[in-house]
>>> print(open('model29.cif').read())   # mmCIF, C-alpha atoms
data_final
#
loop_
_atom_site.label_atom_id
_atom_site.label_comp_id
_atom_site.auth_asym_id
_atom_site.auth_seq_id
_atom_site.Cartn_x
_atom_site.Cartn_y
_atom_site.Cartn_z
CA MET A 1 117.33 57.73 -94.36
CA LYS A 2 115.57 59.29 -91.42
CA ILE A 3 114.16 57.41 -88.46
CA ASP A 4 110.55 58.37 -87.86
CA PRO A 5 109.38 56.21 -84.96
CA ILE A 6 106.11 58.12 -84.61
CA HIS A 7 104.79 57.53 -88.10
CA GLN A 8 103.60 54.03 -87.18
CA PHE A 9 101.05 55.55 -84.79
CA ASN A 10 99.38 57.76 -87.40
CA ILE A 11 95.66 57.40 -87.82
CA GLU A 12 94.81 57.20 -91.51
CA PRO A 13 91.12 57.57 -92.38
CA LEU A 14 90.23 54.99 -95.01
CA PHE A 15 86.70 56.26 -95.70
CA THR A 16 84.22 58.52 -94.00
CA LEU A 17 81.25 56.99 -92.24
CA GLY A 18 79.41 60.16 -91.25
CA HIS A 19 79.39 63.10 -88.90
CA ILE A 20 78.41 63.49 -85.27
CA GLY A 21 78.14 67.18 -84.47
CA ASN A 22 81.22 68.70 -85.99
CA HIS A 23 83.25 65.48 -85.66
CA THR A 24 83.97 63.45 -88.74
CA ILE A 25 83.55 59.75 -88.08
CA ALA A 26 85.87 57.82 -90.36
CA PHE A 27 86.72 54.19 -90.77
CA THR A 28 90.43 54.40 -90.05
CA ASN A 29 93.37 52.00 -90.00
CA SER A 30 92.64 51.70 -86.27
CA SER A 31 89.09 50.58 -87.06
CA LEU A 32 90.49 48.09 -89.55
CA TYR A 33 92.75 46.51 -86.92
CA MET A 34 89.88 46.41 -84.43
CA LEU A 35 87.96 44.48 -87.08
CA VAL A 36 90.99 42.22 -87.56
CA ALA A 37 91.18 41.55 -83.81
CA VAL A 38 87.46 40.72 -83.64
CA ALA A 39 87.80 38.48 -86.70
CA VAL A 40 90.84 36.64 -85.34
CA ILE A 41 89.15 36.04 -81.99
CA SER A 42 85.92 34.91 -83.67
CA ILE A 43 87.77 32.49 -85.93
CA LEU A 44 89.82 31.15 -83.03
CA MET A 45 86.80 30.66 -80.80
CA LEU A 46 84.14 29.64 -83.32
CA ALA A 47 85.98 27.73 -86.06
CA SER A 48 87.88 25.53 -83.65
CA GLY A 49 85.45 22.61 -83.38
CA THR A 50 84.12 20.85 -80.30
CA GLN A 51 85.97 17.58 -80.47
CA LEU A 52 86.44 15.35 -77.46
CA VAL A 53 90.17 15.26 -78.18
CA PRO A 54 90.95 18.83 -79.19
CA GLY A 55 93.07 19.79 -82.18
CA ARG A 56 95.60 22.61 -82.12
CA LEU A 57 93.19 25.48 -82.76
CA GLN A 58 90.65 24.07 -80.32
CA SER A 59 93.37 23.65 -77.70
CA VAL A 60 94.31 27.32 -78.04
CA ALA A 61 90.65 28.31 -77.70
CA GLU A 62 90.20 26.10 -74.64
CA ILE A 63 93.45 27.21 -73.04
CA SER A 64 92.36 30.86 -73.46
CA TYR A 65 89.00 30.01 -71.93
CA GLU A 66 90.50 28.14 -68.98
CA PHE A 67 93.22 30.76 -68.49
CA VAL A 68 90.77 33.66 -68.20
CA ALA A 69 88.31 31.59 -66.15
CA SER A 70 90.96 30.53 -63.63
CA THR A 71 92.27 34.11 -63.41
CA ILE A 72 88.77 35.32 -62.53
CA ARG A 73 88.14 32.52 -60.04
CA SER A 74 91.42 33.10 -58.23
CA THR A 75 91.06 36.89 -57.97
CA ALA A 76 87.32 37.62 -57.84
CA GLY A 77 85.92 34.27 -56.71
CA ALA A 78 83.13 32.23 -58.28
CA GLU A 79 80.82 35.25 -58.34
CA GLY A 80 83.28 36.99 -60.64
CA MET A 81 82.28 34.52 -63.37
CA LYS A 82 79.31 36.82 -64.01
CA PHE A 83 81.83 39.08 -65.73
CA PHE A 84 83.51 36.28 -67.66
CA PRO A 85 82.34 37.51 -71.10
CA LEU A 86 83.52 41.06 -70.35
CA ILE A 87 86.94 40.04 -69.03
CA PHE A 88 87.41 37.45 -71.74
CA SER A 89 86.53 40.06 -74.40
CA LEU A 90 88.91 42.59 -72.86
CA PHE A 91 91.76 40.12 -72.50
CA MET A 92 91.41 38.63 -75.96
CA PHE A 93 90.84 42.00 -77.64
CA ILE A 94 93.95 43.54 -76.07
CA CYS A 95 96.08 40.42 -76.41
CA VAL A 96 95.23 39.81 -80.06
CA SER A 97 95.52 43.45 -81.07
CA ASN A 98 98.88 43.74 -79.27
CA LEU A 99 100.19 40.60 -80.94
CA VAL A 100 98.90 41.63 -84.36
CA GLY A 101 100.42 45.07 -83.79
CA ILE A 102 103.88 43.53 -83.31
CA ILE A 103 103.89 42.31 -86.91
CA PRO A 104 105.88 44.87 -88.94
CA TYR A 105 103.81 47.40 -90.93
CA THR A 106 100.70 46.81 -88.86
CA PHE A 107 98.94 49.25 -86.57
CA THR A 108 98.65 48.80 -82.81
CA ILE A 109 95.24 49.83 -81.47
CA SER A 110 96.37 49.94 -77.86
CA SER A 111 99.15 52.44 -78.64
CA HIS A 112 96.46 55.13 -78.54
CA LEU A 113 95.54 56.46 -75.13
CA ILE A 114 91.97 57.21 -76.16
CA VAL A 115 91.36 53.49 -76.79
CA THR A 116 92.94 52.23 -73.58
CA ALA A 117 91.23 55.02 -71.63
CA ALA A 118 87.87 54.04 -73.08
CA LEU A 119 88.43 50.41 -72.03
CA ALA A 120 89.66 51.44 -68.58
CA LEU A 121 86.64 53.72 -68.10
CA LEU A 122 84.37 50.90 -69.19
CA VAL A 123 85.85 48.79 -66.39
CA PHE A 124 85.72 51.69 -63.93
CA PHE A 125 82.04 52.39 -64.53
CA THR A 126 81.18 48.70 -64.55
CA VAL A 127 82.78 48.40 -61.10
CA LEU A 128 81.12 51.56 -59.82
CA ILE A 129 77.63 50.82 -61.16
CA TYR A 130 77.64 47.12 -60.29
CA GLY A 131 79.15 47.81 -56.87
CA VAL A 132 76.51 50.38 -55.95
CA ALA A 133 73.66 48.37 -57.48
CA LYS A 134 74.64 45.22 -55.63
CA ASN A 135 75.80 46.58 -52.27
CA GLY A 136 74.19 50.03 -52.05
CA LEU A 137 76.10 52.40 -49.82
CA LYS A 138 78.02 49.48 -48.35
CA PHE A 139 80.08 49.56 -51.54
CA PHE A 140 81.83 52.70 -50.27
CA SER A 141 83.20 50.72 -47.34
CA ILE A 142 86.08 49.87 -49.68
CA PHE A 143 87.37 53.34 -48.84
CA VAL A 144 87.45 52.51 -45.11
CA PRO A 145 90.07 49.84 -44.47
CA HIS A 146 89.77 47.73 -41.34
CA GLY A 147 92.12 48.09 -38.41
CA VAL A 148 93.25 51.63 -39.09
CA PRO A 149 93.49 53.86 -36.01
CA GLY A 150 90.84 56.62 -35.91
CA TYR A 151 93.21 59.58 -36.02
CA ILE A 152 94.83 58.39 -39.25
CA LEU A 153 91.59 57.23 -40.89
CA PRO A 154 90.71 60.51 -42.70
CA LEU A 155 94.11 60.51 -44.38
CA VAL A 156 93.82 56.84 -45.35
CA MET A 157 90.31 57.42 -46.69
CA PHE A 158 91.51 60.34 -48.72
CA ILE A 159 94.29 58.21 -50.23
CA GLU A 160 91.89 55.31 -50.88
CA ILE A 161 89.37 57.57 -52.62
CA LEU A 162 92.07 59.25 -54.66
CA SER A 163 93.54 55.92 -55.71
CA PHE A 164 90.09 54.63 -56.61
CA PHE A 165 89.47 57.53 -58.97
CA LEU A 166 92.99 57.31 -60.38
CA ARG A 167 92.49 53.65 -61.24
CA PRO A 168 91.30 54.30 -64.82
CA VAL A 169 94.33 56.54 -65.34
CA SER A 170 96.90 53.98 -64.22
CA HIS A 171 94.91 51.18 -65.84
CA SER A 172 94.90 52.85 -69.25
CA VAL A 173 98.30 54.57 -69.20
CA ARG A 174 100.08 51.34 -68.23
CA LEU A 175 98.90 49.57 -71.35
CA PHE A 176 99.22 52.57 -73.64
CA ALA A 177 102.71 53.53 -72.48
CA ASN A 178 104.02 49.98 -72.65
CA MET A 179 102.85 49.50 -76.20
CA LEU A 180 103.93 52.94 -77.33
CA ALA A 181 107.40 52.74 -75.77
CA GLY A 182 107.99 49.22 -77.01
CA HIS A 183 107.07 50.10 -80.56
CA ILE A 184 109.17 53.26 -80.55
CA ALA A 185 112.19 51.39 -79.15
CA LEU A 186 111.79 48.67 -81.78
CA LYS A 187 111.50 51.23 -84.55
CA VAL A 188 114.53 53.17 -83.33
CA PHE A 189 116.78 50.12 -83.07
CA ALA A 190 115.58 48.70 -86.37
CA GLY A 191 116.10 52.15 -87.90
CA PHE A 192 119.73 52.16 -86.72
CA VAL A 193 120.38 48.99 -88.70
CA ALA A 194 119.05 50.52 -91.89
CA MET A 195 120.70 53.89 -91.24
CA LEU A 196 124.11 52.32 -90.66
CA GLY A 197 123.79 50.18 -93.75
CA PHE A 198 122.79 53.09 -95.98
CA SER A 199 125.24 55.68 -94.69
CA LEU A 200 128.45 53.76 -93.88
CA GLY A 201 128.48 51.06 -96.56
CA ALA A 202 130.37 47.87 -95.69
CA LEU A 203 131.39 49.16 -92.28
CA GLY A 204 127.76 49.94 -91.56
CA TRP A 205 126.77 46.39 -92.48
CA VAL A 206 129.16 45.08 -89.85
CA GLY A 207 128.18 47.78 -87.35
CA GLY A 208 124.52 47.01 -87.89
CA VAL A 209 124.89 43.56 -86.34
CA LEU A 210 124.63 44.87 -82.81
CA PRO A 211 121.42 46.91 -83.23
CA LEU A 212 119.98 44.03 -85.25
CA ALA A 213 120.67 41.63 -82.40
CA LEU A 214 119.08 44.15 -80.03
CA THR A 215 116.08 44.45 -82.32
CA VAL A 216 115.62 40.68 -82.30
CA ALA A 217 115.91 40.58 -78.51
CA LEU A 218 113.53 43.52 -78.14
CA TYR A 219 111.10 41.86 -80.51
CA ALA A 220 111.00 38.79 -78.30
CA LEU A 221 110.54 41.02 -75.27
CA GLU A 222 107.72 42.87 -77.00
CA ILE A 223 105.90 39.61 -77.71
CA LEU A 224 106.08 38.89 -74.00
CA VAL A 225 104.97 42.45 -73.17
CA ALA A 226 102.06 42.22 -75.62
CA PHE A 227 100.72 39.18 -73.79
CA LEU A 228 101.69 40.38 -70.34
CA GLN A 229 100.00 43.76 -70.66
CA ALA A 230 96.77 42.10 -71.78
CA TYR A 231 97.04 39.80 -68.77
CA VAL A 232 97.76 42.72 -66.44
CA PHE A 233 94.79 44.63 -67.82
CA ALA A 234 92.54 41.60 -67.32
CA ILE A 235 93.78 40.76 -63.83
CA LEU A 236 93.44 44.39 -62.68
CA THR A 237 89.90 44.33 -64.04
CA CYS A 238 89.28 41.21 -61.93
CA ILE A 239 90.76 42.84 -58.83
CA TYR A 240 88.65 45.98 -59.32
CA LEU A 241 85.54 43.86 -59.89
CA ASN A 242 86.35 41.95 -56.74
CA ASP A 243 85.87 45.22 -54.86
CA ALA A 244 82.42 45.54 -56.37
CA ILE A 245 81.52 41.93 -55.60
CA HIS A 246 83.03 41.70 -52.11
CA PRO A 247 83.36 45.26 -50.78
CA GLY A 248 84.04 43.95 -47.25
CA HIS A 249 87.32 42.28 -48.17
CA MET B 1 108.79 62.78 -72.42
CA ALA B 2 107.01 61.00 -75.20
CA GLU B 3 105.13 64.16 -76.01
CA SER B 4 108.24 66.28 -76.30
CA HIS B 5 109.76 63.55 -78.43
CA GLY B 6 106.72 63.70 -80.68
CA GLY B 7 106.94 67.45 -80.76
CA ALA B 8 110.54 67.34 -81.86
CA LYS B 9 109.70 64.96 -84.66
CA GLY B 10 106.59 66.94 -85.46
CA PRO B 11 107.57 68.77 -88.61
CA ALA B 12 108.98 65.70 -90.27
CA ALA B 13 105.92 63.60 -89.47
CA GLY B 14 103.65 66.39 -90.58
CA ALA B 15 105.44 66.79 -93.88
CA HIS B 16 105.22 63.07 -94.44
CA THR B 17 101.53 62.67 -93.66
CA GLY B 18 100.75 65.84 -95.53
CA ALA B 19 102.46 64.40 -98.57
CA ASP B 20 100.40 61.21 -98.68
CA GLY B 21 97.14 63.04 -98.27
CA SER B 22 96.23 62.52 -94.62
CA HIS B 23 96.71 65.76 -92.76
CA HIS B 24 96.26 66.19 -88.92
CA GLY B 25 98.89 68.84 -88.59
CA GLY B 26 101.86 66.67 -87.56
CA GLY B 27 101.36 66.34 -83.78
CA PHE B 28 101.96 63.23 -81.75
CA PRO B 29 99.29 60.88 -83.16
CA PRO B 30 98.00 59.44 -79.86
CA PHE B 31 97.26 62.98 -78.65
CA GLU B 32 95.51 64.25 -81.77
CA SER B 33 92.01 64.92 -80.55
CA SER B 34 90.56 65.14 -84.06
CA ASN B 35 90.89 61.34 -84.31
CA TYR B 36 89.26 60.59 -80.98
CA ALA B 37 85.67 60.51 -82.21
CA SER B 38 86.44 58.05 -85.01
CA GLN B 39 88.40 55.78 -82.69
CA LEU B 40 85.78 55.86 -79.97
CA VAL B 41 82.98 55.05 -82.41
CA SER B 42 84.98 52.21 -83.97
CA LEU B 43 85.94 50.87 -80.57
CA ALA B 44 82.33 50.99 -79.38
CA ILE B 45 81.10 49.18 -82.47
CA PHE B 46 83.79 46.50 -82.53
CA PHE B 47 83.99 45.94 -78.80
CA VAL B 48 80.23 45.53 -78.52
CA LEU B 49 80.35 43.19 -81.53
CA LEU B 50 83.14 41.21 -79.88
CA TYR B 51 81.26 41.12 -76.57
CA VAL B 52 78.13 39.78 -78.27
CA ILE B 53 80.09 37.15 -80.21
CA VAL B 54 82.02 36.12 -77.11
CA SER B 55 79.08 35.97 -74.72
CA LYS B 56 76.46 34.50 -77.09
CA LEU B 57 78.55 32.16 -79.25
CA ALA B 58 82.17 31.67 -78.31
CA LEU B 59 82.06 31.05 -74.57
CA PRO B 60 78.96 28.78 -74.61
CA LYS B 61 80.56 26.76 -77.39
CA VAL B 62 84.01 26.36 -75.88
CA GLY B 63 82.63 26.03 -72.35
CA GLY B 64 80.19 23.40 -73.63
CA ALA B 65 83.01 21.45 -75.25
CA ILE B 66 85.05 21.52 -72.05
CA GLU B 67 82.05 20.51 -69.98
CA ALA B 68 81.13 17.73 -72.39
CA ARG B 69 84.66 16.38 -72.11
CA GLN B 70 84.51 16.60 -68.33
CA ASN B 71 81.18 14.76 -68.27
CA LYS B 72 82.50 12.14 -70.66
CA ILE B 73 85.56 11.54 -68.50
CA GLU B 74 83.47 11.32 -65.34
CA GLY B 75 80.95 9.04 -67.05
CA ASP B 76 83.72 6.78 -68.33
CA LEU B 77 85.32 6.64 -64.90
CA ALA B 78 81.97 5.77 -63.32
CA GLU B 79 81.44 3.10 -65.99
CA ALA B 80 84.90 1.68 -65.35
CA GLN B 81 84.20 1.62 -61.61
CA LYS B 82 80.90 -0.15 -62.23
CA LEU B 83 82.57 -2.76 -64.43
CA LYS B 84 85.29 -3.24 -61.84
CA ASP B 85 82.66 -3.76 -59.13
CA GLN B 86 80.92 -6.26 -61.38
CA SER B 87 84.10 -8.21 -62.01
CA ASP B 88 84.91 -8.14 -58.30
CA ALA B 89 81.46 -9.50 -57.55
CA ALA B 90 81.90 -12.18 -60.23
CA LEU B 91 85.26 -13.13 -58.76
CA LYS B 92 83.74 -13.39 -55.30
CA ALA B 93 80.85 -15.50 -56.62
CA TYR B 94 83.35 -17.73 -58.40
CA GLU B 95 85.36 -18.19 -55.23
CA THR B 96 82.27 -19.00 -53.16
CA GLU B 97 81.14 -21.43 -55.81
CA LEU B 98 84.56 -23.03 -55.91
CA ALA B 99 84.66 -23.39 -52.13
CA SER B 100 81.20 -24.97 -51.97
CA ALA B 101 82.06 -27.29 -54.86
CA ARG B 102 85.17 -28.34 -53.01
CA THR B 103 83.18 -29.12 -49.84
CA ARG B 104 80.65 -31.00 -51.88
CA ALA B 105 83.33 -33.00 -53.63
CA GLN B 106 84.83 -33.87 -50.29
CA ALA B 107 81.44 -34.97 -48.97
CA ILE B 108 80.85 -37.12 -52.02
CA GLY B 109 84.31 -38.63 -51.64
CA ASN B 110 83.73 -39.45 -47.99
CA GLU B 111 80.35 -40.93 -48.71
CA SER B 112 81.55 -43.18 -51.49
CA ARG B 113 84.53 -44.28 -49.44
CA ASP B 114 82.24 -45.21 -46.53
CA LYS B 115 79.95 -47.04 -48.86
CA ALA B 116 82.82 -48.94 -50.43
CA ASN B 117 84.15 -49.79 -46.99
CA ALA B 118 80.76 -51.07 -45.83
CA GLN B 119 80.37 -53.16 -48.95
CA ALA B 120 83.83 -54.63 -48.57
CA GLU B 121 83.10 -55.40 -44.95
CA ALA B 122 79.86 -57.17 -45.83
CA GLU B 123 81.51 -59.19 -48.55
CA ARG B 124 84.31 -60.16 -46.21
CA LYS B 125 81.76 -61.29 -43.64
CA THR B 126 79.83 -63.51 -46.08
CA LEU B 127 83.07 -64.91 -47.37
CA GLU B 128 84.20 -65.69 -43.84
CA GLU B 129 80.88 -67.36 -43.10
CA GLN B 130 81.15 -69.47 -46.22
CA LEU B 131 84.67 -70.42 -45.31
CA ALA B 132 83.61 -71.24 -41.76
CA ALA B 133 80.81 -73.44 -43.10
CA LYS B 134 83.19 -75.20 -45.44
CA LEU B 135 85.64 -75.67 -42.62
CA ALA B 136 82.98 -77.14 -40.38
CA GLY B 137 81.93 -79.59 -43.17
CA ALA B 138 85.53 -80.62 -43.70
CA GLU B 139 86.03 -81.20 -40.00
CA LYS B 140 82.93 -83.29 -39.86
CA THR B 141 84.14 -85.39 -42.81
CA ILE B 142 87.50 -85.82 -41.16
CA ALA B 143 85.83 -86.96 -37.91
CA SER B 144 83.60 -89.50 -39.64
CA THR B 145 86.47 -90.77 -41.72
CA ARG B 146 88.53 -91.12 -38.59
CA ALA B 147 85.71 -92.99 -36.75
CA THR B 148 85.39 -95.37 -39.70
CA ALA B 149 89.12 -95.83 -39.79
CA MET B 150 89.18 -96.55 -36.05
CA SER B 151 86.45 -99.17 -36.33
CA ASN B 152 88.35 -100.80 -39.18
CA VAL B 153 91.49 -100.79 -37.01
CA ARG B 154 89.58 -102.81 -34.30
CA GLY B 155 88.45 -105.41 -36.84
CA ILE B 156 91.93 -105.68 -38.30
CA ALA B 157 93.46 -105.87 -34.81
CA ALA B 158 90.96 -108.58 -33.76
CA ASP B 159 91.68 -110.54 -36.93
CA ALA B 160 95.41 -110.11 -36.49
CA ALA B 161 95.18 -111.14 -32.82
CA GLY B 162 93.10 -114.24 -33.73
CA GLN B 163 95.62 -115.12 -36.43
CA ILE B 164 98.54 -114.62 -34.08
CA VAL B 165 96.95 -116.76 -31.37
CA GLN B 166 96.19 -119.42 -33.94
CA GLN B 167 99.72 -119.37 -35.23
CA LEU B 168 101.18 -119.53 -31.79
CA THR B 169 98.86 -122.04 -30.17
CA GLY B 170 97.23 -123.66 -33.11
CA VAL B 171 93.93 -123.18 -31.41
CA VAL B 172 91.34 -120.98 -33.03
CA PRO B 173 90.48 -118.62 -30.34
CA ASP B 174 87.01 -117.67 -29.42
CA ALA B 175 86.04 -114.55 -31.37
CA ALA B 176 84.29 -112.96 -28.40
CA SER B 177 87.30 -113.26 -26.08
CA VAL B 178 89.64 -111.89 -28.84
CA ASN B 179 87.39 -108.88 -29.33
CA ALA B 180 87.26 -108.31 -25.58
CA ALA B 181 91.04 -108.51 -25.39
CA VAL B 182 91.45 -106.08 -28.33
CA ASP B 183 88.98 -103.66 -26.83
CA ALA B 184 90.81 -103.87 -23.51
CA SER B 185 94.16 -103.15 -25.15
CA LEU B 186 92.69 -100.30 -27.32
CA LYS B 187 91.25 -98.74 -24.20
CA GLY B 188 94.35 -99.38 -22.21
#
>>> encode(input="model29.cif", output="structure tokens")
Amino acid sequence: MKIDPIHQFNIEPLFTLGHIGNHTIAFTNSSLYMLVAVAVISILMLASGTQLVPGRLQSVAEISYEFVASTIRSTAGAEGMKFFPLIFSLFMFICVSNLVGIIPYTFTISSHLIVTAALALLVFFTVLIYGVAKNGLKFFSIFVPHGVPGYILPLVMFIEILSFFLRPVSHSVRLFANMLAGHIALKVFAGFVAMLGFSLGALGWVGGVLPLALTVALYALEILVAFLQAYVFAILTCIYLNDAIHPGH
Amino acid sequence: MAESHGGAKGPAAGAHTGADGSHHGGGFPPFESSNYASQLVSLAIFFVLLYVIVSKLALPKVGGAIEARQNKIEGDLAEAQKLKDQSDAALKAYETELASARTRAQAIGNESRDKANAQAEAERKTLEEQLAAKLAGAEKTIASTRATAMSNVRGIAADAAGQIVQQLTGVVPDAASVNAAVDASLKG
């Protein structure tokens, strides 16, 4: 029995869709779980009824709605509601795919940097394009903080510009690394249980209690992380959009 | 760190994936660039699909339900306030009505009491007049009876005096002198 904590991240092409240049475009297990996430969100949001007194499913849908809406209002103001569909889609997509990915034997979309990077770049370019379109050159005043003495300003501006362009990196790596590390840790601890049981017999069964307890605790932590990382991704998106909406801050 | 970890596990993972038919050379899966195109295309398709569903169907629906509930609650509260105002107004009208009815009742009571008093007074007055008239009649009767009785007393006294004189003297006295003597003694 060998622990292979990386196997769960393998991309398995299910069938080929076509070719773009010399790239093969395949419908992979990742694509399948993206479809699952979209389907779960659609069912949650669309099949939940519009009763005056909401049922359970409708309550979840409305709580999600209110949660994202209040997050936007508190960080980006009422004008941020323009981006409600985008932020809601991002939050729900990441949250649902993270939570689905926690179920054993499933695939976690956000454990691939290319996916989180694509989402982070989507946010980055939305901020950049909307900010320039709305405020013109005034948008770049976000690089010039108020109340900084003149002699230190070039340094501060350099740091501000650098941090602005590093945003998509931190934005995407945070989510990717959290999901990847969590899943590897879970796999390793769960693997210990099986390894002890197979190799040491009865003693291993007793010895496996500790890693099993750790696995259970980690699993609970990972459920929290799955939600929290989606929330962090969404709230950072709101904060970045706030720069585009109110560059004066 | 993760990459080196993946590298260390590389051969095993590669052997495994090679065995079940999906190659990719056994690197760390998140850094295998041969899968990037497929993932990006899938992500683009499904995220755009999700965005369309969310913005065109899901959010209007759920937002509409929340708004409808909000409107219903506000409408119901306004209705309740209206009904409360109505009942307050009705209570006030009732109290005014009650107060005016009370004043009216008092007025009617006073009026009827005055009327009853006046009537009683009038009746008493007529009764007193009747009684006074009866009293006057009775007094008149008494006076006439007394006068008659007095005149009878003179006759009787004159007769008795005549008789007495006759008995004492044996002489029948003269009626005129007896009467004069009686009158003188009655006056005296």
>>> resolve_selection(input="model29.cif", expression="the PyMOL selection byres ((chain A and resi 155-163) around 12)", output="list in words")
Phe140, Ser141, Ile142, Phe143, Val144, Pro145, His146, Gly147, Val148, Pro149, Gly150, Tyr151, Ile152, Leu153, Pro154, Phe164, Phe165, Leu166, Arg167, Pro168, Val169, Ser170, His171 and Tyr240 of chain A
>>> write_last_selection(input="model29.cif", atoms="C-alpha atoms", output="PDB file, in the coordinates of the input")
ATOM      1  CA  PHE A 140      81.830  52.700 -50.270  1.00  0.00           C
ATOM      2  CA  SER A 141      83.200  50.720 -47.340  1.00  0.00           C
ATOM      3  CA  ILE A 142      86.080  49.870 -49.680  1.00  0.00           C
ATOM      4  CA  PHE A 143      87.370  53.340 -48.840  1.00  0.00           C
ATOM      5  CA  VAL A 144      87.450  52.510 -45.110  1.00  0.00           C
ATOM      6  CA  PRO A 145      90.070  49.840 -44.470  1.00  0.00           C
ATOM      7  CA  HIS A 146      89.770  47.730 -41.340  1.00  0.00           C
ATOM      8  CA  GLY A 147      92.120  48.090 -38.410  1.00  0.00           C
ATOM      9  CA  VAL A 148      93.250  51.630 -39.090  1.00  0.00           C
ATOM     10  CA  PRO A 149      93.490  53.860 -36.010  1.00  0.00           C
ATOM     11  CA  GLY A 150      90.840  56.620 -35.910  1.00  0.00           C
ATOM     12  CA  TYR A 151      93.210  59.580 -36.020  1.00  0.00           C
ATOM     13  CA  ILE A 152      94.830  58.390 -39.250  1.00  0.00           C
ATOM     14  CA  LEU A 153      91.590  57.230 -40.890  1.00  0.00           C
ATOM     15  CA  PRO A 154      90.710  60.510 -42.700  1.00  0.00           C
ATOM     16  CA  PHE A 164      90.090  54.630 -56.610  1.00  0.00           C
ATOM     17  CA  PHE A 165      89.470  57.530 -58.970  1.00  0.00           C
ATOM     18  CA  LEU A 166      92.990  57.310 -60.380  1.00  0.00           C
ATOM     19  CA  ARG A 167      92.490  53.650 -61.240  1.00  0.00           C
ATOM     20  CA  PRO A 168      91.300  54.300 -64.820  1.00  0.00           C
ATOM     21  CA  VAL A 169      94.330  56.540 -65.340  1.00  0.00           C
ATOM     22  CA  SER A 170      96.900  53.980 -64.220  1.00  0.00           C
ATOM     23  CA  HIS A 171      94.910  51.180 -65.840  1.00  0.00           C
ATOM     24  CA  TYR A 240      88.650  45.980 -59.320  1.00  0.00           C
TER      25      TYR A 240
END
>>> interface_residues(input="model29.cif", of="chain A", to="chain B", cutoff="6 Å", atoms="only C-alpha atoms", output="PyMOL selection string")
chain A and resi 9-10+25-26+31+38+45-46+50+52+85+89+112
>>> atom_distance(input="model29.cif", atom1="atom CA of Val153 of chain B", atom2="atom CA of Val172 of chain B")
20.6 Å
>>> atom_distance(input="model29.cif", atom1="atom CA of Lys115 of chain B", atom2="atom CA of Ala99 of chain B")
24.3 Å
>>> resolve_selection(input="model29.cif", expression="the PyMOL selection byres ((chain A and resi 106) around 10)", output="ChimeraX atom specification")
/A:8-9,29-30,33,97,100-105,107-109
>>> resolve_selection(input="model29.cif", expression="the PyMOL selection byres ((chain A and resi 226) around 9)", output="JSON, numbers by chain")
{"A": [94, 95, 96, 97, 98, 99, 101, 102, 178, 179, 221, 222, 223, 224, 225, 227, 228, 229, 230, 231]}
>>> atom_distance(input="model29.cif", atom1="atom CA of Ala213 of chain A", atom2="atom CA of Arg174 of chain A")
26.8 Å
>>> residues_near_point(input="model29.cif", point="(113.2, 47.4, -83.5)", cutoff="10 Å", atoms="all atoms listed in the file", output="PyMOL selection string")
chain A and resi 5+104+182-193+211-219+222
>>> residues_around(input="model29.cif", residues="Ala161 of chain B", least_positions_apart="3", cutoff="8 Å", atoms="all atoms listed in the file", output="PyMOL selection string")
chain B and resi 157-158+164-165+178+182
>>> build_atoms(input="model29.cif", residues="segment 178-187 of chain B", atoms="N, CA and C atoms", output="PDB file, in the frame of the given file")
ATOM      1  N   VAL B 178      88.660-112.710 -28.086  1.00  0.00           N
ATOM      2  CA  VAL B 178      89.640-111.890 -28.840  1.00  0.00           C
ATOM      3  C   VAL B 178      89.197-110.437 -28.876  1.00  0.00           C
ATOM      4  N   ASN B 179      87.911-110.253 -29.252  1.00  0.00           N
ATOM      5  CA  ASN B 179      87.390-108.880 -29.330  1.00  0.00           C
ATOM      6  C   ASN B 179      87.508-108.166 -28.001  1.00  0.00           C
ATOM      7  N   ALA B 180      87.182-108.928 -26.909  1.00  0.00           N
ATOM      8  CA  ALA B 180      87.260-108.310 -25.580  1.00  0.00           C
ATOM      9  C   ALA B 180      88.687-107.919 -25.264  1.00  0.00           C
ATOM     10  N   ALA B 181      89.623-108.824 -25.636  1.00  0.00           N
ATOM     11  CA  ALA B 181      91.040-108.510 -25.390  1.00  0.00           C
ATOM     12  C   ALA B 181      91.496-107.299 -26.185  1.00  0.00           C
ATOM     13  N   VAL B 182      91.087-107.259 -27.474  1.00  0.00           N
ATOM     14  CA  VAL B 182      91.450-106.080 -28.330  1.00  0.00           C
ATOM     15  C   VAL B 182      90.887-104.803 -27.736  1.00  0.00           C
ATOM     16  N   ASP B 183      89.600-104.867 -27.394  1.00  0.00           N
ATOM     17  CA  ASP B 183      88.980-103.660 -26.830  1.00  0.00           C
ATOM     18  C   ASP B 183      89.728-103.203 -25.584  1.00  0.00           C
ATOM     19  N   ALA B 184      90.104-104.214 -24.735  1.00  0.00           N
ATOM     20  CA  ALA B 184      90.810-103.870 -23.510  1.00  0.00           C
ATOM     21  C   ALA B 184      92.137-103.225 -23.804  1.00  0.00           C
ATOM     22  N   SER B 185      92.858-103.752 -24.843  1.00  0.00           N
ATOM     23  CA  SER B 185      94.160-103.150 -25.150  1.00  0.00           C
ATOM     24  C   SER B 185      94.010-101.808 -25.841  1.00  0.00           C
ATOM     25  N   LEU B 186      92.926-101.614 -26.675  1.00  0.00           N
ATOM     26  CA  LEU B 186      92.690-100.300 -27.320  1.00  0.00           C
ATOM     27  C   LEU B 186      92.385 -99.234 -26.262  1.00  0.00           C
ATOM     28  N   LYS B 187      91.604 -99.689 -25.255  1.00  0.00           N
ATOM     29  CA  LYS B 187      91.250 -98.740 -24.200  1.00  0.00           C
ATOM     30  C   LYS B 187      92.458 -98.420 -23.353  1.00  0.00           C
TER      31      LYS B 187
END
